[in-house]
>>> print(open('model20.tsv').read())   # TSV, N, CA and C atoms
chain	number	residue	atom	x	y	z
A	24	MET	N	16.10	-11.82	15.74
A	24	MET	CA	15.55	-10.48	15.81
A	24	MET	C	16.69	-9.47	16.00
A	25	GLN	N	16.61	-8.42	15.24
A	25	GLN	CA	17.62	-7.37	15.32
A	25	GLN	C	17.25	-6.36	16.40
A	26	ASP	N	18.27	-5.71	16.93
A	26	ASP	CA	18.03	-4.64	17.89
A	26	ASP	C	17.55	-3.40	17.15
A	27	GLU	N	17.17	-2.41	17.93
A	27	GLU	CA	16.74	-1.14	17.33
A	27	GLU	C	17.93	-0.40	16.77
A	28	PRO	N	17.77	0.43	15.80
A	28	PRO	CA	16.53	0.86	15.17
A	28	PRO	C	15.99	-0.18	14.20
A	29	THR	N	14.68	-0.15	14.01
A	29	THR	CA	14.03	-1.06	13.08
A	29	THR	C	14.28	-0.59	11.64
A	30	PRO	N	14.05	-1.46	10.67
A	30	PRO	CA	14.20	-1.03	9.28
A	30	PRO	C	13.32	0.19	8.96
A	31	THR	N	12.11	0.22	9.48
A	31	THR	CA	11.23	1.36	9.26
A	31	THR	C	11.84	2.63	9.82
A	32	GLU	N	12.37	2.55	11.02
A	32	GLU	CA	13.00	3.73	11.64
A	32	GLU	C	14.22	4.19	10.86
A	33	LEU	N	15.00	3.24	10.36
A	33	LEU	CA	16.19	3.60	9.58
A	33	LEU	C	15.82	4.31	8.27
A	34	VAL	N	14.87	3.75	7.55
A	34	VAL	CA	14.47	4.35	6.28
A	34	VAL	C	13.88	5.73	6.52
A	35	LYS	N	13.04	5.86	7.54
A	35	LYS	CA	12.44	7.16	7.87
A	35	LYS	C	13.51	8.17	8.25
A	36	ALA	N	14.51	7.75	9.02
A	36	ALA	CA	15.58	8.66	9.43
A	36	ALA	C	16.36	9.18	8.22
A	37	VAL	N	16.66	8.29	7.28
A	37	VAL	CA	17.37	8.71	6.06
A	37	VAL	C	16.52	9.70	5.27
A	38	ALA	N	15.23	9.39	5.09
A	38	ALA	CA	14.35	10.30	4.34
A	38	ALA	C	14.26	11.65	5.04
A	39	ASP	N	14.12	11.66	6.35
A	39	ASP	CA	14.03	12.92	7.09
A	39	ASP	C	15.33	13.72	6.98
A	40	PHE	N	16.47	13.04	7.05
A	40	PHE	CA	17.77	13.71	6.90
A	40	PHE	C	17.88	14.36	5.52
A	41	LEU	N	17.56	13.59	4.50
A	41	LEU	CA	17.64	14.13	3.14
A	41	LEU	C	16.68	15.31	2.95
A	42	ARG	N	15.48	15.20	3.52
A	42	ARG	CA	14.47	16.24	3.38
A	42	ARG	C	14.88	17.53	4.09
A	43	THR	N	15.42	17.40	5.30
A	43	THR	CA	15.68	18.60	6.11
A	43	THR	C	17.10	19.15	5.95
A	44	GLU	N	18.08	18.30	5.71
A	44	GLU	CA	19.47	18.75	5.66
A	44	GLU	C	20.03	18.91	4.26
A	45	ILE	N	19.63	18.05	3.34
A	45	ILE	CA	20.23	18.05	2.01
A	45	ILE	C	19.35	18.79	1.00
A	46	ALA	N	18.05	18.53	1.01
A	46	ALA	CA	17.16	19.13	0.02
A	46	ALA	C	17.23	20.66	-0.03
A	47	PRO	N	17.34	21.36	1.10
A	47	PRO	CA	17.38	22.83	1.02
A	47	PRO	C	18.59	23.40	0.27
A	48	VAL	N	19.65	22.62	0.12
A	48	VAL	CA	20.85	23.16	-0.53
A	48	VAL	C	21.06	22.62	-1.95
A	49	ILE	N	20.21	21.73	-2.41
A	49	ILE	CA	20.34	21.16	-3.75
A	49	ILE	C	19.42	21.93	-4.70
A	50	LYS	N	19.91	22.20	-5.89
A	50	LYS	CA	19.14	22.98	-6.87
A	50	LYS	C	19.03	22.21	-8.19
A	51	GLY	N	18.12	22.67	-9.03
A	51	GLY	CA	18.00	22.17	-10.39
A	51	GLY	C	17.53	20.73	-10.48
A	52	HIS	N	18.04	20.06	-11.49
A	52	HIS	CA	17.61	18.69	-11.77
A	52	HIS	C	17.97	17.74	-10.63
A	53	ASN	N	19.09	18.00	-9.97
A	53	ASN	CA	19.46	17.15	-8.84
A	53	ASN	C	18.46	17.28	-7.69
A	54	ALA	N	17.85	18.44	-7.53
A	54	ALA	CA	16.81	18.62	-6.50
A	54	ALA	C	15.60	17.76	-6.84
A	55	PHE	N	15.25	17.71	-8.12
A	55	PHE	CA	14.14	16.85	-8.56
A	55	PHE	C	14.46	15.38	-8.26
A	56	LYS	N	15.66	14.94	-8.64
A	56	LYS	CA	16.04	13.55	-8.41
A	56	LYS	C	16.07	13.23	-6.91
A	57	LEU	N	16.49	14.19	-6.10
A	57	LEU	CA	16.49	13.99	-4.65
A	57	LEU	C	15.06	13.83	-4.13
A	58	ARG	N	14.14	14.65	-4.62
A	58	ARG	CA	12.72	14.53	-4.20
A	58	ARG	C	12.16	13.17	-4.59
A	59	VAL	N	12.52	12.67	-5.76
A	59	VAL	CA	12.07	11.34	-6.19
A	59	VAL	C	12.60	10.29	-5.22
A	60	GLY	N	13.87	10.40	-4.85
A	60	GLY	CA	14.46	9.46	-3.89
A	60	GLY	C	13.79	9.53	-2.52
A	61	ILE	N	13.52	10.73	-2.05
A	61	ILE	CA	12.85	10.91	-0.75
A	61	ILE	C	11.45	10.30	-0.81
A	62	ASN	N	10.74	10.54	-1.91
A	62	ASN	CA	9.41	9.96	-2.06
A	62	ASN	C	9.46	8.43	-2.06
A	63	ALA	N	10.48	7.87	-2.69
A	63	ALA	CA	10.63	6.41	-2.69
A	63	ALA	C	10.87	5.89	-1.27
A	64	LEU	N	11.72	6.58	-0.51
A	64	LEU	CA	11.96	6.17	0.88
A	64	LEU	C	10.70	6.29	1.72
A	65	ASP	N	9.92	7.35	1.50
A	65	ASP	CA	8.65	7.50	2.22
A	65	ASP	C	7.70	6.36	1.88
A	66	LEU	N	7.66	5.97	0.61
A	66	LEU	CA	6.81	4.86	0.19
A	66	LEU	C	7.25	3.56	0.87
A	67	VAL	N	8.54	3.31	0.92
A	67	VAL	CA	9.06	2.10	1.57
A	67	VAL	C	8.69	2.10	3.05
A	68	THR	N	8.77	3.25	3.70
A	68	THR	CA	8.40	3.36	5.12
A	68	THR	C	6.94	2.97	5.31
A	69	ARG	N	6.06	3.50	4.45
A	69	ARG	CA	4.64	3.16	4.55
A	69	ARG	C	4.41	1.68	4.26
A	70	GLN	N	5.13	1.15	3.28
A	70	GLN	CA	4.95	-0.25	2.92
A	70	GLN	C	5.40	-1.16	4.07
A	71	LEU	N	6.51	-0.84	4.69
A	71	LEU	CA	6.97	-1.64	5.83
A	71	LEU	C	5.94	-1.62	6.97
A	72	ALA	N	5.30	-0.49	7.16
A	72	ALA	CA	4.34	-0.36	8.26
A	72	ALA	C	2.98	-0.96	7.94
A	73	LEU	N	2.54	-0.88	6.70
A	73	LEU	CA	1.16	-1.22	6.38
A	73	LEU	C	0.95	-2.51	5.59
A	74	GLU	N	1.98	-2.99	4.92
A	74	GLU	CA	1.81	-4.11	4.00
A	74	GLU	C	1.36	-5.40	4.69
A	75	THR	N	1.99	-5.77	5.78
A	75	THR	CA	1.67	-7.05	6.42
A	75	THR	C	0.22	-7.10	6.92
A	76	PRO	N	-0.24	-6.09	7.67
A	76	PRO	CA	-1.65	-6.17	8.10
A	76	PRO	C	-2.63	-6.07	6.93
A	77	ALA	N	-2.32	-5.28	5.92
A	77	ALA	CA	-3.22	-5.16	4.76
A	77	ALA	C	-3.28	-6.47	3.99
A	78	ASP	N	-2.14	-7.12	3.81
A	78	ASP	CA	-2.12	-8.41	3.10
A	78	ASP	C	-2.88	-9.47	3.88
A	79	ALA	N	-2.74	-9.47	5.20
A	79	ALA	CA	-3.46	-10.45	6.03
A	79	ALA	C	-4.96	-10.23	5.92
A	80	ALA	N	-5.39	-8.98	5.96
A	80	ALA	CA	-6.82	-8.67	5.85
A	80	ALA	C	-7.34	-9.04	4.46
A	81	GLU	N	-6.57	-8.75	3.44
A	81	GLU	CA	-6.98	-9.09	2.07
A	81	GLU	C	-7.11	-10.60	1.92
A	82	THR	N	-6.14	-11.33	2.43
A	82	THR	CA	-6.18	-12.80	2.36
A	82	THR	C	-7.42	-13.33	3.07
A	83	SER	N	-7.72	-12.80	4.23
A	83	SER	CA	-8.89	-13.23	4.99
A	83	SER	C	-10.18	-12.95	4.22
A	84	ARG	N	-10.28	-11.76	3.63
A	84	ARG	CA	-11.47	-11.43	2.84
A	84	ARG	C	-11.62	-12.36	1.64
A	85	LEU	N	-10.51	-12.64	0.96
A	85	LEU	CA	-10.56	-13.52	-0.21
A	85	LEU	C	-10.96	-14.94	0.17
A	86	LYS	N	-10.43	-15.45	1.28
A	86	LYS	CA	-10.82	-16.79	1.73
A	86	LYS	C	-12.31	-16.86	1.99
A	87	ALA	N	-12.85	-15.85	2.64
A	87	ALA	CA	-14.29	-15.82	2.93
A	87	ALA	C	-15.10	-15.68	1.64
A	88	LEU	N	-14.64	-14.85	0.74
A	88	LEU	CA	-15.35	-14.60	-0.51
A	88	LEU	C	-15.35	-15.83	-1.42
A	89	LEU	N	-14.21	-16.50	-1.50
A	89	LEU	CA	-14.06	-17.61	-2.43
A	89	LEU	C	-14.35	-18.97	-1.81
A	90	GLY	N	-14.26	-19.04	-0.48
A	90	GLY	CA	-14.49	-20.32	0.20
A	90	GLY	C	-13.38	-21.32	0.00
A	91	ILE	N	-12.17	-20.83	-0.30
A	91	ILE	CA	-11.01	-21.71	-0.47
A	91	ILE	C	-9.84	-21.14	0.30
A	92	ASP	N	-8.81	-21.96	0.47
A	92	ASP	CA	-7.59	-21.54	1.15
A	92	ASP	C	-6.50	-21.36	0.11
A	93	GLY	N	-5.47	-20.60	0.45
A	93	GLY	CA	-4.35	-20.42	-0.44
A	93	GLY	C	-3.57	-19.16	-0.08
A	94	SER	N	-2.50	-18.93	-0.80
A	94	SER	CA	-1.70	-17.73	-0.58
A	94	SER	C	-2.45	-16.54	-1.18
A	95	LEU	N	-2.01	-15.35	-0.85
A	95	LEU	CA	-2.63	-14.15	-1.39
A	95	LEU	C	-2.57	-14.16	-2.92
A	96	LEU	N	-1.45	-14.53	-3.47
A	96	LEU	CA	-1.30	-14.60	-4.92
A	96	LEU	C	-2.27	-15.61	-5.52
A	97	GLU	N	-2.35	-16.80	-4.94
A	97	GLU	CA	-3.25	-17.83	-5.45
A	97	GLU	C	-4.72	-17.39	-5.36
A	98	LEU	N	-5.08	-16.77	-4.25
A	98	LEU	CA	-6.46	-16.33	-4.06
A	98	LEU	C	-6.82	-15.22	-5.05
A	99	ASN	N	-5.89	-14.29	-5.29
A	99	ASN	CA	-6.15	-13.24	-6.27
A	99	ASN	C	-6.28	-13.81	-7.67
A	100	ARG	N	-5.47	-14.80	-7.99
A	100	ARG	CA	-5.59	-15.46	-9.30
A	100	ARG	C	-6.96	-16.14	-9.43
A	101	ALA	N	-7.37	-16.82	-8.36
A	101	ALA	CA	-8.67	-17.50	-8.39
A	101	ALA	C	-9.80	-16.49	-8.56
A	102	LEU	N	-9.73	-15.37	-7.86
A	102	LEU	CA	-10.76	-14.34	-8.00
A	102	LEU	C	-10.76	-13.79	-9.43
A	103	SER	N	-9.59	-13.51	-9.97
A	103	SER	CA	-9.49	-12.99	-11.34
A	103	SER	C	-10.11	-13.96	-12.34
A	104	GLU	N	-9.85	-15.24	-12.16
A	104	GLU	CA	-10.41	-16.24	-13.06
A	104	GLU	C	-11.93	-16.28	-12.96
A	105	LYS	N	-12.44	-16.20	-11.74
A	105	LYS	CA	-13.89	-16.22	-11.54
A	105	LYS	C	-14.54	-14.97	-12.16
A	106	ILE	N	-13.89	-13.84	-12.02
A	106	ILE	CA	-14.42	-12.62	-12.64
A	106	ILE	C	-14.39	-12.75	-14.16
A	107	ALA	N	-13.27	-13.24	-14.71
A	107	ALA	CA	-13.14	-13.39	-16.17
A	107	ALA	C	-14.18	-14.35	-16.73
A	108	LYS	N	-14.51	-15.40	-15.96
A	108	LYS	CA	-15.49	-16.39	-16.42
A	108	LYS	C	-16.93	-15.94	-16.16
A	109	GLY	N	-17.09	-14.81	-15.48
A	109	GLY	CA	-18.43	-14.33	-15.18
A	109	GLY	C	-19.08	-15.03	-14.00
A	110	GLU	N	-18.27	-15.77	-13.23
A	110	GLU	CA	-18.81	-16.51	-12.09
A	110	GLU	C	-19.09	-15.60	-10.89
A	111	VAL	N	-18.40	-14.48	-10.82
A	111	VAL	CA	-18.65	-13.47	-9.79
A	111	VAL	C	-18.66	-12.10	-10.46
A	112	ASP	N	-19.45	-11.20	-9.88
A	112	ASP	CA	-19.50	-9.83	-10.37
A	112	ASP	C	-19.82	-8.92	-9.19
A	113	LEU	N	-20.05	-7.65	-9.45
A	113	LEU	CA	-20.27	-6.71	-8.36
A	113	LEU	C	-21.54	-6.98	-7.56
A	114	ASP	N	-22.40	-7.85	-8.07
A	114	ASP	CA	-23.57	-8.25	-7.30
A	114	ASP	C	-23.26	-9.39	-6.34
A	115	THR	N	-22.07	-9.99	-6.46
A	115	THR	CA	-21.67	-11.06	-5.55
A	115	THR	C	-21.45	-10.47	-4.17
A	116	PRO	N	-22.14	-11.01	-3.15
A	116	PRO	CA	-21.99	-10.46	-1.80
A	116	PRO	C	-20.52	-10.41	-1.35
A	117	GLY	N	-20.11	-9.25	-0.92
A	117	GLY	CA	-18.77	-9.05	-0.39
A	117	GLY	C	-17.72	-8.62	-1.40
A	118	LEU	N	-17.98	-8.81	-2.69
A	118	LEU	CA	-16.94	-8.49	-3.68
A	118	LEU	C	-16.68	-6.99	-3.76
A	119	LYS	N	-17.73	-6.21	-3.85
A	119	LYS	CA	-17.55	-4.76	-3.97
A	119	LYS	C	-16.79	-4.21	-2.76
A	120	GLU	N	-17.18	-4.67	-1.57
A	120	GLU	CA	-16.51	-4.22	-0.35
A	120	GLU	C	-15.05	-4.65	-0.32
A	121	HIS	N	-14.79	-5.87	-0.77
A	121	HIS	CA	-13.41	-6.37	-0.82
A	121	HIS	C	-12.57	-5.52	-1.77
A	122	LEU	N	-13.07	-5.26	-2.95
A	122	LEU	CA	-12.31	-4.48	-3.93
A	122	LEU	C	-12.07	-3.06	-3.43
A	123	TRP	N	-13.08	-2.47	-2.79
A	123	TRP	CA	-12.94	-1.12	-2.26
A	123	TRP	C	-11.87	-1.08	-1.16
A	124	GLN	N	-11.94	-2.01	-0.22
A	124	GLN	CA	-10.97	-2.01	0.89
A	124	GLN	C	-9.56	-2.29	0.38
A	125	THR	N	-9.43	-3.19	-0.57
A	125	THR	CA	-8.11	-3.50	-1.14
A	125	THR	C	-7.53	-2.26	-1.81
A	126	THR	N	-8.36	-1.54	-2.55
A	126	THR	CA	-7.92	-0.30	-3.20
A	126	THR	C	-7.50	0.73	-2.17
A	127	MET	N	-8.29	0.90	-1.12
A	127	MET	CA	-7.96	1.88	-0.08
A	127	MET	C	-6.65	1.51	0.62
A	128	ASP	N	-6.46	0.22	0.88
A	128	ASP	CA	-5.21	-0.23	1.53
A	128	ASP	C	-4.00	0.04	0.64
A	129	LYS	N	-4.15	-0.17	-0.65
A	129	LYS	CA	-3.04	0.08	-1.58
A	129	LYS	C	-2.75	1.58	-1.68
A	130	LEU	N	-3.80	2.40	-1.71
A	130	LEU	CA	-3.59	3.84	-1.77
A	130	LEU	C	-2.96	4.38	-0.49
A	131	ALA	N	-3.25	3.77	0.64
A	131	ALA	CA	-2.64	4.19	1.91
A	131	ALA	C	-1.12	4.09	1.83
A	132	VAL	N	-0.63	3.14	1.08
A	132	VAL	CA	0.82	2.97	0.90
A	132	VAL	C	1.32	3.85	-0.24
A	133	ASP	N	0.66	3.75	-1.37
A	133	ASP	CA	1.17	4.35	-2.59
A	133	ASP	C	0.91	5.85	-2.72
A	134	GLN	N	-0.29	6.30	-2.38
A	134	GLN	CA	-0.66	7.70	-2.61
A	134	GLN	C	-1.54	8.25	-1.48
A	135	PRO	N	-1.05	8.28	-0.26
A	135	PRO	CA	-1.90	8.70	0.85
A	135	PRO	C	-2.28	10.18	0.83
A	136	ASN	N	-1.66	10.96	-0.04
A	136	ASN	CA	-1.97	12.39	-0.10
A	136	ASN	C	-2.94	12.75	-1.21
A	137	TYR	N	-3.42	11.77	-1.98
A	137	TYR	CA	-4.44	12.05	-2.99
A	137	TYR	C	-5.67	12.60	-2.28
A	138	ALA	N	-6.21	13.66	-2.81
A	138	ALA	CA	-7.38	14.29	-2.19
A	138	ALA	C	-8.56	13.32	-2.10
A	139	SER	N	-8.79	12.55	-3.14
A	139	SER	CA	-9.92	11.61	-3.14
A	139	SER	C	-9.71	10.52	-2.10
A	140	TYR	N	-8.47	10.03	-1.97
A	140	TYR	CA	-8.18	9.03	-0.94
A	140	TYR	C	-8.43	9.62	0.45
A	141	LYS	N	-7.90	10.80	0.68
A	141	LYS	CA	-8.06	11.44	1.99
A	141	LYS	C	-9.54	11.65	2.33
A	142	ARG	N	-10.32	12.04	1.34
A	142	ARG	CA	-11.75	12.25	1.56
A	142	ARG	C	-12.42	10.94	1.95
A	143	GLU	N	-12.15	9.88	1.20
A	143	GLU	CA	-12.78	8.58	1.46
A	143	GLU	C	-12.28	7.96	2.77
A	144	ALA	N	-11.04	8.22	3.11
A	144	ALA	CA	-10.47	7.67	4.35
A	144	ALA	C	-10.88	8.51	5.56
A	145	GLY	N	-11.48	9.66	5.30
A	145	GLY	CA	-11.90	10.52	6.40
A	145	GLY	C	-10.77	11.31	7.01
A	146	THR	N	-9.70	11.53	6.24
A	146	THR	CA	-8.55	12.28	6.76
A	146	THR	C	-8.38	13.61	6.07
A	147	ALA	N	-9.34	13.99	5.24
A	147	ALA	CA	-9.23	15.27	4.51
A	147	ALA	C	-9.65	16.43	5.41
>>> encode(input="model20.tsv", output="structure tokens")
Amino acid sequence: MQDEPTPTELVKAVADFLRTEIAPVIKGHNAFKLRVGINALDLVTRQLALETPADAAETSRLKALLGIDGSLLELNRALSEKIAKGEVDLDTPGLKEHLWQTTMDKLAVDQPNYASYKREAGTA
């Protein structure tokens, strides 16, 4: 185990530094590229914070839904195959809720400022 600061704290500190100290003095196309970089660092910060619990919850839901064990990748493949074969659909108990929660968890990392996400998450 490493001492502090954590990887999340380090990435956030770099993004905050770039946002507050560097971005105000950069102009033109380089300002755009800097914003892209800051957004990428913000995404990594969210992913470091949210990915592990979201993946664990998704795995748990898939195990319950499919009645089998496996890695997240294996379980998602199994679900995809069952959907493709018509063995499960939106009338399958728990599937709609699983897909909705998985989508919300992914948006929390990728696009937490989307108005529709914020409305559905109750943060608008």
>>> select_by_dssp(input="model20.tsv", residues="segment 79-131 of chain A", states="helix (DSSP H, G or I)", output="ChimeraX atom specification")
/A:79-89,95-107,118-131
>>> residues_around(input="model20.tsv", residues="segment 57-68 of chain A", least_positions_apart="5", cutoff="9 Å", atoms="only C-alpha atoms", output="list of chain:residue names")
A:Pro30, A:Thr31, A:Glu32, A:Leu33, A:Val34, A:Lys35, A:Val37, A:Ala38, A:Asp39, A:Leu41, A:Arg42, A:Ile45, A:Ala46, A:Ile49, A:His52, A:Leu73, A:Val132, A:Asp133, A:Gln134
>>> residues_around(input="model20.tsv", residues="Ala87 of chain A", least_positions_apart="2", cutoff="12 Å", atoms="only C-alpha atoms", output="ChimeraX atom specification")
/A:80-85,89-93,98,102,116-118,121
>>> atom_distance(input="model20.tsv", atom1="atom CA of Ala79 of chain A", atom2="atom CA of Thr125 of chain A")
11.0 Å
>>> atom_distance(input="model20.tsv", atom1="atom CA of Glu74 of chain A", atom2="atom CA of Leu130 of chain A")
11.2 Å
>>> closest_residue(input="model20.tsv", among="A:Glu143, A:Asp26, A:Asp128, A:Asp114", to="Asp78 of chain A", atoms="all atoms listed in the file")
A:Asp128
>>> atom_distance(input="model20.tsv", atom1="atom CA of Thr75 of chain A", atom2="atom CA of Leu96 of chain A")
13.9 Å
>>> closest_residue(input="model20.tsv", among="A:Pro76, A:Gln25, A:Met127, A:Leu122", to="Ser103 of chain A", atoms="only C-alpha atoms")
A:Leu122
>>> residues_around(input="model20.tsv", residues="Thr146 of chain A", least_positions_apart="2", cutoff="12 Å", atoms="only C-alpha atoms", output="ChimeraX atom specification")
/A:131,135-144
>>> axis_aligned_box(input="model20.tsv", around="segment 115-131 of chain A", padding_each_side="3 Å", output="JSON")
{"center_x": -11.6, "center_y": -3.3, "center_z": -2.3, "size_x": 27.0, "size_y": 21.4, "size_z": 14.4}
>>> decode(input="model20.tsv", residues="segment 35-71 of chain A", atoms="C-alpha atoms", output="compact mmCIF listing (two decimals), in the first residue's frame")
# COMPACT_ATOMS: atom_id res chain seq x y z
CA LYS A 35 -7.62 15.58 -9.10
CA ALA A 36 -4.80 17.90 -7.97
CA VAL A 37 -3.31 17.99 -11.48
CA ALA A 38 -6.74 18.68 -13.04
CA ASP A 39 -7.45 21.44 -10.52
CA PHE A 40 -4.02 23.02 -11.11
CA LEU A 41 -4.50 23.00 -14.87
CA ARG A 42 -8.04 24.37 -14.52
CA THR A 43 -7.21 27.21 -12.13
CA GLU A 44 -3.61 28.15 -12.94
CA ILE A 45 -2.97 27.26 -16.57
CA ALA A 46 -6.34 27.42 -18.35
CA PRO A 47 -6.90 31.16 -17.69
CA VAL A 48 -3.71 32.08 -19.58
CA ILE A 49 -3.98 29.69 -22.56
CA LYS A 50 -5.78 30.86 -25.70
CA GLY A 51 -6.96 29.46 -29.01
CA HIS A 52 -6.64 25.85 -30.05
CA ASN A 53 -4.28 25.07 -27.18
CA ALA A 54 -7.02 26.16 -24.74
CA PHE A 55 -9.35 23.64 -26.38
CA LYS A 56 -6.74 20.87 -26.13
CA LEU A 57 -6.14 21.80 -22.48
CA ARG A 58 -9.89 21.53 -21.73
CA VAL A 59 -9.93 18.09 -23.37
CA GLY A 60 -7.03 17.04 -21.15
CA ILE A 61 -8.69 18.41 -18.01
CA ASN A 62 -11.91 16.59 -18.90
CA ALA A 63 -9.96 13.36 -19.34
CA LEU A 64 -8.35 13.79 -15.91
CA ASP A 65 -11.78 14.49 -14.38
CA LEU A 66 -13.10 11.31 -15.99
CA VAL A 67 -10.19 9.28 -14.60
CA THR A 68 -10.87 10.72 -11.12
CA ARG A 69 -14.51 9.64 -11.32
CA GLN A 70 -13.55 6.23 -12.67
CA LEU A 71 -11.07 5.63 -9.86
